[in-house]
file start08.cif (mmCIF, C-alpha atoms and all ligand atoms)
data_structure
loop_
_atom_site.group_PDB
_atom_site.id
_atom_site.type_symbol
_atom_site.label_atom_id
_atom_site.label_comp_id
_atom_site.auth_asym_id
_atom_site.auth_seq_id
_atom_site.Cartn_x
_atom_site.Cartn_y
_atom_site.Cartn_z
ATOM 1 C CA MET A 1 123.809 40.249 104.322
ATOM 2 C CA ILE A 2 124.939 43.644 105.484
ATOM 3 C CA ASP A 3 128.371 44.530 104.162
ATOM 4 C CA CYS A 4 130.784 42.014 102.772
ATOM 5 C CA GLY A 5 134.375 42.338 103.920
ATOM 6 C CA GLU A 6 137.205 40.177 102.692
ATOM 7 C CA GLY A 7 136.730 36.543 103.613
ATOM 8 C CA ALA A 8 132.967 36.882 104.165
ATOM 9 C CA GLN A 9 132.242 33.842 102.013
ATOM 10 C CA GLN A 10 134.722 31.617 103.875
ATOM 11 C CA GLN A 11 133.267 32.829 107.150
ATOM 12 C CA MET A 12 129.750 31.968 105.953
ATOM 13 C CA GLN A 13 130.862 28.466 105.074
ATOM 14 C CA ARG A 14 132.640 28.053 108.385
ATOM 15 C CA MET A 15 129.451 29.072 110.172
ATOM 16 C CA HIS A 16 127.317 26.782 107.986
ATOM 17 C CA LEU A 17 125.265 29.663 106.615
ATOM 18 C CA ARG A 18 123.843 28.517 103.315
ATOM 19 C CA LEU A 19 124.808 30.635 100.325
ATOM 20 C CA SER A 20 121.591 29.520 98.611
ATOM 21 C CA ARG A 21 119.564 31.418 101.213
ATOM 22 C CA LEU A 22 121.304 34.700 100.460
ATOM 23 C CA ASN A 23 118.978 36.951 98.460
ATOM 24 C CA HIS A 24 119.710 40.529 99.543
ATOM 25 C CA ILE A 25 123.087 42.192 100.064
ATOM 26 C CA PHE A 26 123.303 45.694 101.543
ATOM 27 C CA ILE A 27 126.563 47.625 101.223
ATOM 28 C CA SER A 28 126.952 50.580 103.592
ATOM 29 C CA HIS A 29 130.022 52.151 101.995
ATOM 30 C CA LEU A 30 133.030 51.495 99.816
ATOM 31 C CA HIS A 31 135.762 50.807 102.322
ATOM 32 C CA GLY A 32 137.611 47.546 101.824
ATOM 33 C CA ASP A 33 136.558 45.992 105.110
ATOM 34 C CA HIS A 34 132.908 46.485 104.125
ATOM 35 C CA TYR A 35 133.021 45.780 100.420
ATOM 36 C CA LEU A 36 136.010 43.813 99.123
ATOM 37 C CA GLY A 37 134.469 40.411 99.765
ATOM 38 C CA LEU A 38 131.591 41.078 97.387
ATOM 39 C CA PRO A 39 133.229 40.374 94.001
ATOM 40 C CA GLY A 40 134.592 37.068 95.279
ATOM 41 C CA LEU A 41 131.267 36.121 96.810
ATOM 42 C CA LEU A 42 129.476 36.756 93.505
ATOM 43 C CA GLY A 43 131.918 34.403 91.785
ATOM 44 C CA THR A 44 131.471 31.742 94.451
ATOM 45 C CA LEU A 45 127.694 31.913 94.070
ATOM 46 C CA ALA A 46 128.169 31.074 90.390
ATOM 47 C CA LEU A 47 130.405 28.097 91.256
ATOM 48 C CA HIS A 48 127.696 26.851 93.592
ATOM 49 C CA GLY A 49 125.233 26.832 90.708
ATOM 50 C CA ARG A 50 123.234 29.842 91.792
ATOM 51 C CA THR A 51 120.396 30.670 89.398
ATOM 52 C CA GLY A 52 117.520 33.162 89.574
ATOM 53 C CA SER A 53 118.551 36.536 90.948
ATOM 54 C CA ILE A 54 120.213 38.318 93.816
ATOM 55 C CA ASN A 55 119.469 41.841 95.033
ATOM 56 C CA ILE A 56 122.327 44.215 95.752
ATOM 57 C CA TYR A 57 121.765 47.588 97.449
ATOM 58 C CA ILE A 58 124.792 49.748 96.776
ATOM 59 C CA SER A 59 125.905 53.236 95.712
ATOM 60 C CA ALA A 60 126.248 54.061 91.999
ATOM 61 C CA GLU A 61 130.056 53.927 92.374
ATOM 62 C CA GLY A 62 129.793 50.556 94.057
ATOM 63 C CA LYS A 63 127.747 49.171 91.222
ATOM 64 C CA GLU A 64 130.259 50.507 88.721
ATOM 65 C CA ALA A 65 133.224 48.989 90.585
ATOM 66 C CA THR A 66 131.496 45.640 90.918
ATOM 67 C CA GLU A 67 130.463 45.530 87.269
ATOM 68 C CA ARG A 68 133.988 46.363 86.199
ATOM 69 C CA PHE A 69 135.314 43.516 88.297
ATOM 70 C CA ASN A 70 132.632 41.173 86.993
ATOM 71 C CA SER A 71 133.507 42.027 83.399
ATOM 72 C CA TYR A 72 136.985 40.532 83.979
ATOM 73 C CA PHE A 73 136.505 37.823 86.573
ATOM 74 C CA ASN A 74 132.816 36.969 86.752
ATOM 75 C CA ARG A 75 131.800 36.768 83.117
ATOM 76 C CA GLY A 76 128.526 35.074 82.247
ATOM 77 C CA LEU A 77 127.136 34.748 85.764
ATOM 78 C CA PRO A 78 124.333 32.122 85.710
ATOM 79 C CA TYR A 79 122.072 34.371 87.798
ATOM 80 C CA GLU A 80 120.843 37.921 87.484
ATOM 81 C CA ILE A 81 122.023 40.764 89.704
ATOM 82 C CA VAL A 82 119.182 43.140 90.509
ATOM 83 C CA TRP A 83 120.874 46.442 91.341
ATOM 84 C CA HIS A 84 119.269 48.877 93.752
ATOM 85 C CA ILE A 85 121.226 52.123 93.686
ATOM 86 C CA THR A 86 121.142 53.709 97.116
ATOM 87 C CA ASP A 87 120.769 57.429 97.677
ATOM 88 C CA MET A 88 123.759 58.100 99.903
ATOM 89 C CA LYS A 89 122.567 61.579 100.960
ATOM 90 C CA HIS A 90 118.958 61.014 101.988
ATOM 91 C CA SER A 91 117.077 58.416 103.952
ATOM 92 C CA GLU A 92 114.921 56.180 101.762
ATOM 93 C CA ILE A 93 112.766 53.070 101.943
ATOM 94 C CA LEU A 94 114.662 50.267 100.218
ATOM 95 C CA ILE A 95 112.168 47.460 100.803
ATOM 96 C CA ASP A 96 108.509 47.645 101.721
ATOM 97 C CA THR A 97 106.542 44.404 101.862
ATOM 98 C CA GLU A 98 103.549 43.279 103.914
ATOM 99 C CA ALA A 99 105.902 41.870 106.511
ATOM 100 C CA LEU A 100 108.881 44.190 106.576
ATOM 101 C CA THR A 101 110.410 47.547 105.720
ATOM 102 C CA VAL A 102 114.071 48.330 105.204
ATOM 103 C CA LYS A 103 115.118 51.945 105.368
ATOM 104 C CA SER A 104 118.482 53.588 104.868
ATOM 105 C CA ILE A 105 119.928 56.406 106.972
ATOM 106 C CA PRO A 106 122.863 58.577 105.855
ATOM 107 C CA LEU A 107 125.762 58.491 108.325
ATOM 108 C CA ASN A 108 128.845 60.677 108.788
ATOM 109 C CA HIS A 109 131.980 58.879 107.682
ATOM 110 C CA ARG A 110 135.080 59.671 105.612
ATOM 111 C CA VAL A 111 133.277 58.469 102.494
ATOM 112 C CA ARG A 112 129.510 58.450 101.957
ATOM 113 C CA CYS A 113 128.032 55.786 104.162
ATOM 114 C CA ILE A 114 124.535 54.633 105.107
ATOM 115 C CA GLY A 115 123.011 52.639 107.936
ATOM 116 C CA PHE A 116 120.019 50.309 107.626
ATOM 117 C CA VAL A 117 116.908 49.749 109.726
ATOM 118 C CA PHE A 118 115.034 46.456 109.270
ATOM 119 C CA ALA A 119 111.593 46.621 110.857
ATOM 120 C CA GLU A 120 108.884 43.991 110.895
ATOM 121 C CA LYS A 121 105.386 45.362 110.326
ATOM 122 C CA PRO A 122 102.775 44.782 113.038
ATOM 123 C CA LYS A 123 101.709 41.144 112.904
ATOM 124 C CA PRO A 124 98.127 39.850 112.694
ATOM 125 C CA ARG A 125 96.346 38.739 115.873
ATOM 126 C CA HIS A 126 96.029 34.995 116.479
ATOM 127 C CA ILE A 127 92.615 33.465 115.795
ATOM 128 C CA ILE A 128 91.038 31.503 118.661
ATOM 129 C CA ARG A 129 89.522 28.731 116.569
ATOM 130 C CA GLU A 130 86.891 27.585 119.120
ATOM 131 C CA MET A 131 85.583 31.140 119.405
ATOM 132 C CA THR A 132 85.404 31.859 115.678
ATOM 133 C CA ASP A 133 83.691 28.475 115.171
ATOM 134 C CA TYR A 134 81.242 29.188 117.982
ATOM 135 C CA HIS A 135 80.325 32.602 116.543
ATOM 136 C CA GLN A 136 80.333 31.173 112.998
ATOM 137 C CA VAL A 137 82.761 33.730 111.622
ATOM 138 C CA PRO A 138 83.015 33.207 107.852
ATOM 139 C CA VAL A 139 86.481 32.740 106.332
ATOM 140 C CA SER A 140 86.078 35.989 104.392
ATOM 141 C CA GLN A 141 85.952 37.943 107.688
ATOM 142 C CA MET A 142 89.060 36.413 109.245
ATOM 143 C CA GLN A 143 91.512 38.912 107.736
ATOM 144 C CA TYR A 144 89.619 41.840 109.357
ATOM 145 C CA ILE A 145 89.395 40.139 112.735
ATOM 146 C CA LYS A 146 93.106 39.399 112.663
ATOM 147 C CA ARG A 147 93.652 43.140 112.248
ATOM 148 C CA GLY A 148 91.630 43.779 115.399
ATOM 149 C CA GLU A 149 88.287 44.723 113.842
ATOM 150 C CA PRO A 150 85.074 43.469 115.528
ATOM 151 C CA PHE A 151 82.837 40.843 113.928
ATOM 152 C CA VAL A 152 79.216 41.850 113.318
ATOM 153 C CA LYS A 153 76.845 38.882 113.293
ATOM 154 C CA PRO A 154 73.902 38.786 110.832
ATOM 155 C CA ASP A 155 71.559 39.697 113.734
ATOM 156 C CA GLY A 156 73.625 42.826 114.491
ATOM 157 C CA THR A 157 75.444 41.479 117.564
ATOM 158 C CA VAL A 158 78.970 42.881 117.754
ATOM 159 C CA ILE A 159 81.716 40.516 118.884
ATOM 160 C CA PRO A 160 84.915 42.407 119.736
ATOM 161 C CA ALA A 161 88.178 41.114 118.260
ATOM 162 C CA GLU A 162 89.551 40.498 121.772
ATOM 163 C CA MET A 163 87.003 37.681 122.183
ATOM 164 C CA LEU A 164 87.937 36.018 118.904
ATOM 165 C CA THR A 165 91.682 36.542 118.804
ATOM 166 C CA ARG A 166 94.740 36.606 120.989
ATOM 167 C CA GLU A 167 97.379 39.330 121.061
ATOM 168 C CA ALA A 168 99.666 39.395 118.007
ATOM 169 C CA SER A 169 103.276 38.240 118.324
ATOM 170 C CA PRO A 170 105.669 41.154 118.837
ATOM 171 C CA SER A 171 107.378 42.766 115.860
ATOM 172 C CA TYR A 172 111.145 43.016 115.951
ATOM 173 C CA SER A 173 113.508 45.510 114.419
ATOM 174 C CA TYR A 174 117.221 45.702 113.857
ATOM 175 C CA ALA A 175 119.202 48.859 113.182
ATOM 176 C CA HIS A 176 122.671 48.513 111.696
ATOM 177 C CA ILE A 177 124.838 51.602 112.032
ATOM 178 C CA SER A 178 128.128 50.883 110.347
ATOM 179 C CA ASP A 179 131.030 53.313 110.195
ATOM 180 C CA THR A 180 130.162 56.766 111.461
ATOM 181 C CA LYS A 181 131.097 59.633 113.668
ATOM 182 C CA TYR A 182 128.607 60.194 116.495
ATOM 183 C CA ILE A 183 125.427 61.803 115.118
ATOM 184 C CA PRO A 184 123.359 63.450 117.892
ATOM 185 C CA GLY A 185 120.100 63.342 115.880
ATOM 186 C CA LEU A 186 120.503 59.734 114.784
ATOM 187 C CA ALA A 187 118.609 58.238 117.731
ATOM 188 C CA THR A 188 115.329 59.842 116.672
ATOM 189 C CA MET A 189 115.503 58.121 113.287
ATOM 190 C CA LEU A 190 115.846 54.645 114.744
ATOM 191 C CA GLU A 191 112.402 54.226 116.361
ATOM 192 C CA SER A 192 113.236 51.992 119.332
ATOM 193 C CA PRO A 193 114.963 49.098 117.599
ATOM 194 C CA THR A 194 114.912 45.729 119.345
ATOM 195 C CA LEU A 195 118.611 45.478 118.612
ATOM 196 C CA LEU A 196 120.942 48.288 117.630
ATOM 197 C CA TYR A 197 124.325 47.513 116.171
ATOM 198 C CA HIS A 198 126.413 50.666 116.392
ATOM 199 C CA GLU A 199 130.103 50.667 115.643
ATOM 200 C CA THR A 200 132.402 51.157 118.633
ATOM 201 C CA THR A 201 135.791 51.597 117.023
ATOM 202 C CA TYR A 202 137.377 53.517 119.900
ATOM 203 C CA LEU A 203 137.173 54.082 123.625
ATOM 204 C CA GLN A 204 136.362 57.470 125.050
ATOM 205 C CA HIS A 205 139.928 58.352 126.017
ATOM 206 C CA GLU A 206 140.662 58.457 122.290
ATOM 207 C CA GLN A 207 137.727 60.666 121.422
ATOM 208 C CA GLU A 208 139.930 62.944 119.337
ATOM 209 C CA LEU A 209 141.097 60.076 117.197
ATOM 210 C CA ALA A 210 137.515 58.884 116.782
ATOM 211 C CA ASP A 211 136.445 62.328 115.563
ATOM 212 C CA GLU A 212 139.426 62.672 113.285
ATOM 213 C CA ARG A 213 138.788 59.296 111.637
ATOM 214 C CA TYR A 214 135.008 59.593 111.539
ATOM 215 C CA HIS A 215 134.354 56.753 113.915
ATOM 216 C CA SER A 216 132.535 56.454 117.258
ATOM 217 C CA THR A 217 133.500 55.521 120.782
ATOM 218 C CA ALA A 218 131.698 52.902 122.847
ATOM 219 C CA HIS A 219 130.426 55.748 125.019
ATOM 220 C CA GLU A 220 128.859 57.486 122.020
ATOM 221 C CA ALA A 221 127.288 54.279 120.688
ATOM 222 C CA ALA A 222 125.730 53.731 124.106
ATOM 223 C CA MET A 223 124.273 57.256 124.040
ATOM 224 C CA VAL A 224 122.617 56.480 120.695
ATOM 225 C CA ALA A 225 121.256 53.210 122.128
ATOM 226 C CA ARG A 226 119.878 54.994 125.204
ATOM 227 C CA ASP A 227 118.361 57.895 123.243
ATOM 228 C CA SER A 228 116.813 55.679 120.552
ATOM 229 C CA GLY A 229 114.962 53.483 123.046
ATOM 230 C CA ALA A 230 116.779 50.364 121.825
ATOM 231 C CA HIS A 231 116.353 47.167 123.858
ATOM 232 C CA ALA A 232 119.946 46.113 123.378
ATOM 233 C CA LEU A 233 123.188 47.439 121.913
ATOM 234 C CA LEU A 234 125.569 45.284 119.915
ATOM 235 C CA THR A 235 129.140 46.624 119.830
ATOM 236 C CA GLY A 236 131.701 46.040 117.083
ATOM 237 C CA HIS A 237 134.335 47.218 114.579
ATOM 238 C CA TYR A 238 136.987 47.506 117.297
ATOM 239 C CA SER A 239 140.231 49.218 116.444
ATOM 240 C CA SER A 240 143.116 46.761 116.445
ATOM 241 C CA ARG A 241 145.012 49.024 118.857
ATOM 242 C CA TYR A 242 143.040 47.499 121.745
ATOM 243 C CA THR A 243 143.851 44.005 122.928
ATOM 244 C CA ASP A 244 140.944 43.611 125.352
ATOM 245 C CA ASP A 245 137.512 43.826 123.681
ATOM 246 C CA SER A 246 135.681 43.664 127.005
ATOM 247 C CA LEU A 247 136.670 47.298 127.629
ATOM 248 C CA PHE A 248 134.121 48.351 125.003
ATOM 249 C CA LYS A 249 131.326 46.753 126.961
ATOM 250 C CA GLU A 250 132.585 48.156 130.239
ATOM 251 C CA GLU A 251 132.523 51.656 128.822
ATOM 252 C CA ALA A 252 129.115 51.300 127.154
ATOM 253 C CA VAL A 253 127.248 49.855 130.164
ATOM 254 C CA GLU A 254 128.012 53.004 132.116
ATOM 255 C CA VAL A 255 125.535 54.756 129.805
ATOM 256 C CA PHE A 256 123.203 51.972 128.652
ATOM 257 C CA PRO A 257 122.612 48.712 130.525
ATOM 258 C CA HIS A 258 121.935 46.046 127.908
ATOM 259 C CA VAL A 259 125.159 45.721 125.921
ATOM 260 C CA ILE A 260 126.113 42.639 123.911
ATOM 261 C CA LEU A 261 129.828 42.367 123.270
ATOM 262 C CA ASN A 262 130.249 41.421 119.634
ATOM 263 C CA ARG A 263 132.794 38.866 118.472
ATOM 264 C CA GLU A 264 133.419 36.972 115.248
ATOM 265 C CA GLY A 265 130.688 34.432 114.588
ATOM 266 C CA LEU A 266 128.330 35.633 117.316
ATOM 267 C CA ALA A 267 124.638 34.823 116.734
ATOM 268 C CA VAL A 268 121.997 36.852 118.576
ATOM 269 C CA ASP A 269 118.388 35.684 118.866
ATOM 270 C CA ILE A 270 116.478 38.921 118.508
ATOM 271 C CA THR A 271 113.288 37.381 119.949
ATOM 272 C CA GLN A 272 115.037 36.803 123.278
ATOM 273 C CA LEU A 273 116.140 40.370 123.962
HETATM 274 ZN ZN ZN B 301 134.757 52.797 106.785
#

call {"tool": "encode", "arguments": {"input": "start08.cif", "output": "structure tokens"}}
result
Amino acid sequence: MIDCGEGAQQQMQRMHLRLSRLNHIFISHLHGDHYLGLPGLLGTLALHGRTGSINIYISAEGKEATERFNSYFNRGLPYEIVWHITDMKHSEILIDTEALTVKSIPLNHRVRCIGFVFAEKPKPRHIIREMTDYHQVPVSQMQYIKRGEPFVKPDGTVIPAEMLTREASPSYSYAHISDTKYIPGLATMLESPTLLYHETTYLQHEQELADERYHSTAHEAAMVARDSGAHALLTGHYSSRYTDDSLFKEEAVEVFPHVILNREGLAVDITQL
């Protein structure tokens, strides 16, 4: 879960997202619409019999605020909170596993705020069973062949990986840029995400207001999408002064073609972009 505004838990239930599958919560900054749902959610997890642990990535102040709340309203939680204090000034790797990395990127907002990039690592190639059987590749060699290394037979014959394996499945990445003023250098830090969410609070004719309030326009978000090599841009965080959300898409597509207009409850299949 990235950010947790008020009502996030009700929204999860409405969308049939299972609370039991929630293991990592990333908080970008301490504005109410990004944070205030967290204390309530932690209490609800307890009511649902959550055990084990949950990971929360948050600033030191955020941890302090949450713990203070918990000390009054969420006493004796039946699960452990594993706190990961985020460095709000510098980019850092928050998670690094065999399958995935999660990195943070400092943004430019009224309070300290970070974005997140979730990137799958390159996947192993697919074994062609008939070929590995035919060439009698031992199980111990499979891991190397999946990485694209050739197989050397006992008689010295070299079988290239392309003959034994098929192309790996593509790796996907998602960049989540929550509240921020336009940052010209941001695109270079995003490394061609499959999907880029970038806030689009305002339209370009209110550029001054966007700058003043440390938010972005749809035009600016589209520039970041274009310059980062993203496959698609997801809009969002629209100011309530606009009654027609489709204007955000209209403005963005002038700069970048593949724009997905965000709305409450939207699900995007990242493998189809
Ligand atoms: Zn904010």

call {"tool": "resolve_selection", "arguments": {"input": "start08.cif", "expression": "the PyMOL selection byres (((not hetatm)) within 9 of (chain B and resi 301))", "output": "VMD selection string"}}
result
chain A and resid 28 to 34 109 to 111 113 178 to 180 214 to 215

call {"tool": "closest_residue", "arguments": {"input": "start08.cif", "among": "A:Thr200, A:Ser59, A:Ser192, A:Thr132", "to": "Ala225 in chain A", "atoms": "all atoms listed in the file"}}
result
A:Ser192

call {"tool": "atom_distance", "arguments": {"input": "start08.cif", "atom1": "CA of Ala232 in chain A", "atom2": "CA of Val255 in chain A"}}
result
12.1 Å

call {"tool": "atom_distance", "arguments": {"input": "start08.cif", "atom1": "CA of Ile183 in chain A", "atom2": "CA of His219 in chain A"}}
result
12.6 Å

call {"tool": "atom_distance", "arguments": {"input": "start08.cif", "atom1": "CA of Ala46 in chain A", "atom2": "CA of Met88 in chain A"}}
result
29.0 Å

call {"tool": "resolve_selection", "arguments": {"input": "start08.cif", "expression": "the PyMOL selection byres (((chain A and resi 239) around 10) and not hetatm)", "output": "PDB file with C-alpha atoms, in the frame of the given file"}}
result
ATOM      1  CA  THR A 200     132.402  51.157 118.633  1.00  0.00           C
ATOM      2  CA  THR A 201     135.791  51.597 117.023  1.00  0.00           C
ATOM      3  CA  TYR A 202     137.377  53.517 119.900  1.00  0.00           C
ATOM      4  CA  LEU A 203     137.173  54.082 123.625  1.00  0.00           C
ATOM      5  CA  HIS A 215     134.354  56.753 113.915  1.00  0.00           C
ATOM      6  CA  GLY A 236     131.701  46.040 117.083  1.00  0.00           C
ATOM      7  CA  HIS A 237     134.335  47.218 114.579  1.00  0.00           C
ATOM      8  CA  TYR A 238     136.987  47.506 117.297  1.00  0.00           C
ATOM      9  CA  SER A 240     143.116  46.761 116.445  1.00  0.00           C
ATOM     10  CA  ARG A 241     145.012  49.024 118.857  1.00  0.00           C
ATOM     11  CA  TYR A 242     143.040  47.499 121.745  1.00  0.00           C
ATOM     12  CA  THR A 243     143.851  44.005 122.928  1.00  0.00           C
ATOM     13  CA  ASP A 245     137.512  43.826 123.681  1.00  0.00           C
TER      14      ASP A 245
END

call {"tool": "residues_near_point", "arguments": {"input": "start08.cif", "point": "(85.8, 34.1, 115.3)", "cutoff": "9 Å", "atoms": "all atoms listed in the file", "output": "ChimeraX atom specification"}}
result
/A:127-138,141-142,145,151,159,161,163-165

call {"tool": "resolve_selection", "arguments": {"input": "start08.cif", "expression": "the PyMOL selection byres (((chain A and resi 104) around 6) and not hetatm)", "output": "count of residues only"}}
result
6

call {"tool": "closest_atom_pairs", "arguments": {"input": "start08.cif", "of": "range 40-68 of chain A", "to": "range 81-87 of chain A", "cutoff": "8 Å", "atoms": "only C-alpha atoms", "output": "CSV"}}
result
residue,atom,partner,partner_atom,distance
A:Ser53,CA,A:Ile81,CA,5.6
A:Ile54,CA,A:Ile81,CA,5.1
A:Asn55,CA,A:Val82,CA,4.7
A:Ile56,CA,A:Trp83,CA,5.2
A:Tyr57,CA,A:His84,CA,4.6
A:Ile58,CA,A:Ile85,CA,5.3
A:Ser59,CA,A:Thr86,CA,5.0
A:Ala60,CA,A:Ile85,CA,5.6
A:Lys63,CA,A:Trp83,CA,7.4

call {"tool": "decode", "arguments": {"input": "start08.cif", "residues": "range 66-92 of chain A", "atoms": "N, CA and C atoms", "output": "JSON list (two decimals), in the first residue's frame"}}
result
[["chain", "number", "residue", "atom", "x", "y", "z"],
["A", 66, "THR", "N", 2.52, 8.01, 14.82],
["A", 66, "THR", "CA", 1.75, 6.77, 14.80],
["A", 66, "THR", "C", 1.86, 6.05, 16.15],
["A", 67, "GLU", "N", 3.07, 6.05, 16.69],
["A", 67, "GLU", "CA", 3.25, 5.37, 17.99],
["A", 67, "GLU", "C", 2.48, 6.08, 19.09],
["A", 68, "ARG", "N", 2.44, 7.41, 18.98],
["A", 68, "ARG", "CA", 1.69, 8.16, 20.00],
["A", 68, "ARG", "C", 0.21, 7.80, 19.92],
["A", 69, "PHE", "N", -0.29, 7.75, 18.70],
["A", 69, "PHE", "CA", -1.69, 7.36, 18.52],
["A", 69, "PHE", "C", -1.91, 5.95, 19.05],
["A", 70, "ASN", "N", -1.01, 5.05, 18.67],
["A", 70, "ASN", "CA", -1.17, 3.65, 19.09],
["A", 70, "ASN", "C", -1.18, 3.51, 20.61],
["A", 71, "SER", "N", -0.40, 4.37, 21.28],
["A", 71, "SER", "CA", -0.30, 4.24, 22.74],
["A", 71, "SER", "C", -1.64, 4.57, 23.41],
["A", 72, "TYR", "N", -2.50, 5.31, 22.72],
["A", 72, "TYR", "CA", -3.84, 5.60, 23.27],
["A", 72, "TYR", "C", -4.89, 4.63, 22.74],
["A", 73, "PHE", "N", -4.88, 4.44, 21.42],
["A", 73, "PHE", "CA", -6.02, 3.77, 20.78],
["A", 73, "PHE", "C", -5.73, 2.35, 20.28],
["A", 74, "ASN", "N", -4.48, 2.03, 20.11],
["A", 74, "ASN", "CA", -4.14, 0.70, 19.57],
["A", 74, "ASN", "C", -3.22, -0.03, 20.53],
["A", 75, "ARG", "N", -3.60, -0.08, 21.79],
["A", 75, "ARG", "CA", -2.71, -0.75, 22.75],
["A", 75, "ARG", "C", -2.72, -2.25, 22.56],
["A", 76, "GLY", "N", -1.56, -2.85, 22.76],
["A", 76, "GLY", "CA", -1.45, -4.31, 22.71],
["A", 76, "GLY", "C", -1.82, -4.91, 21.36],
["A", 77, "LEU", "N", -1.32, -4.33, 20.29],
["A", 77, "LEU", "CA", -1.58, -4.89, 18.96],
["A", 77, "LEU", "C", -1.08, -6.34, 18.91],
["A", 78, "PRO", "N", -1.87, -7.25, 18.32],
["A", 78, "PRO", "CA", -1.48, -8.67, 18.31],
["A", 78, "PRO", "C", -0.42, -9.00, 17.26],
["A", 79, "TYR", "N", 0.06, -7.99, 16.56],
["A", 79, "TYR", "CA", 1.11, -8.22, 15.55],
["A", 79, "TYR", "C", 2.21, -7.19, 15.78],
["A", 80, "GLU", "N", 3.34, -7.44, 15.14],
["A", 80, "GLU", "CA", 4.48, -6.54, 15.33],
["A", 80, "GLU", "C", 4.55, -5.54, 14.17],
["A", 81, "ILE", "N", 4.84, -4.29, 14.49],
["A", 81, "ILE", "CA", 5.11, -3.32, 13.42],
["A", 81, "ILE", "C", 6.62, -3.24, 13.23],
["A", 82, "VAL", "N", 7.07, -3.52, 12.02],
["A", 82, "VAL", "CA", 8.49, -3.38, 11.71],
["A", 82, "VAL", "C", 8.65, -2.01, 11.04],
["A", 83, "TRP", "N", 9.28, -1.10, 11.75],
["A", 83, "TRP", "CA", 9.42, 0.28, 11.25],
["A", 83, "TRP", "C", 10.64, 0.39, 10.37],
["A", 84, "HIS", "N", 10.48, 1.05, 9.25],
["A", 84, "HIS", "CA", 11.62, 1.37, 8.37],
["A", 84, "HIS", "C", 11.61, 2.88, 8.22],
["A", 85, "ILE", "N", 12.54, 3.54, 8.88],
["A", 85, "ILE", "CA", 12.55, 5.01, 8.85],
["A", 85, "ILE", "C", 13.16, 5.48, 7.53],
["A", 86, "THR", "N", 12.40, 6.25, 6.79],
["A", 86, "THR", "CA", 12.87, 6.68, 5.47],
["A", 86, "THR", "C", 13.69, 7.96, 5.57],
["A", 87, "ASP", "N", 14.73, 8.01, 4.77],
["A", 87, "ASP", "CA", 15.56, 9.20, 4.65],
["A", 87, "ASP", "C", 14.82, 10.13, 3.69],
["A", 88, "MET", "N", 14.32, 11.23, 4.20],
["A", 88, "MET", "CA", 13.46, 12.08, 3.37],
["A", 88, "MET", "C", 14.27, 13.01, 2.47],
["A", 89, "LYS", "N", 15.60, 13.02, 2.63],
["A", 89, "LYS", "CA", 16.42, 13.96, 1.85],
["A", 89, "LYS", "C", 17.17, 13.28, 0.71],
["A", 90, "HIS", "N", 17.43, 11.99, 0.85],
["A", 90, "HIS", "CA", 18.23, 11.30, -0.16],
["A", 90, "HIS", "C", 17.52, 10.05, -0.65],
["A", 91, "SER", "N", 17.78, 9.74, -1.90],
["A", 91, "SER", "CA", 17.24, 8.50, -2.47],
["A", 91, "SER", "C", 17.89, 7.31, -1.76],
["A", 92, "GLU", "N", 17.11, 6.26, -1.52],
["A", 92, "GLU", "CA", 17.69, 5.07, -0.90],
["A", 92, "GLU", "C", 16.94, 3.82, -1.36]]
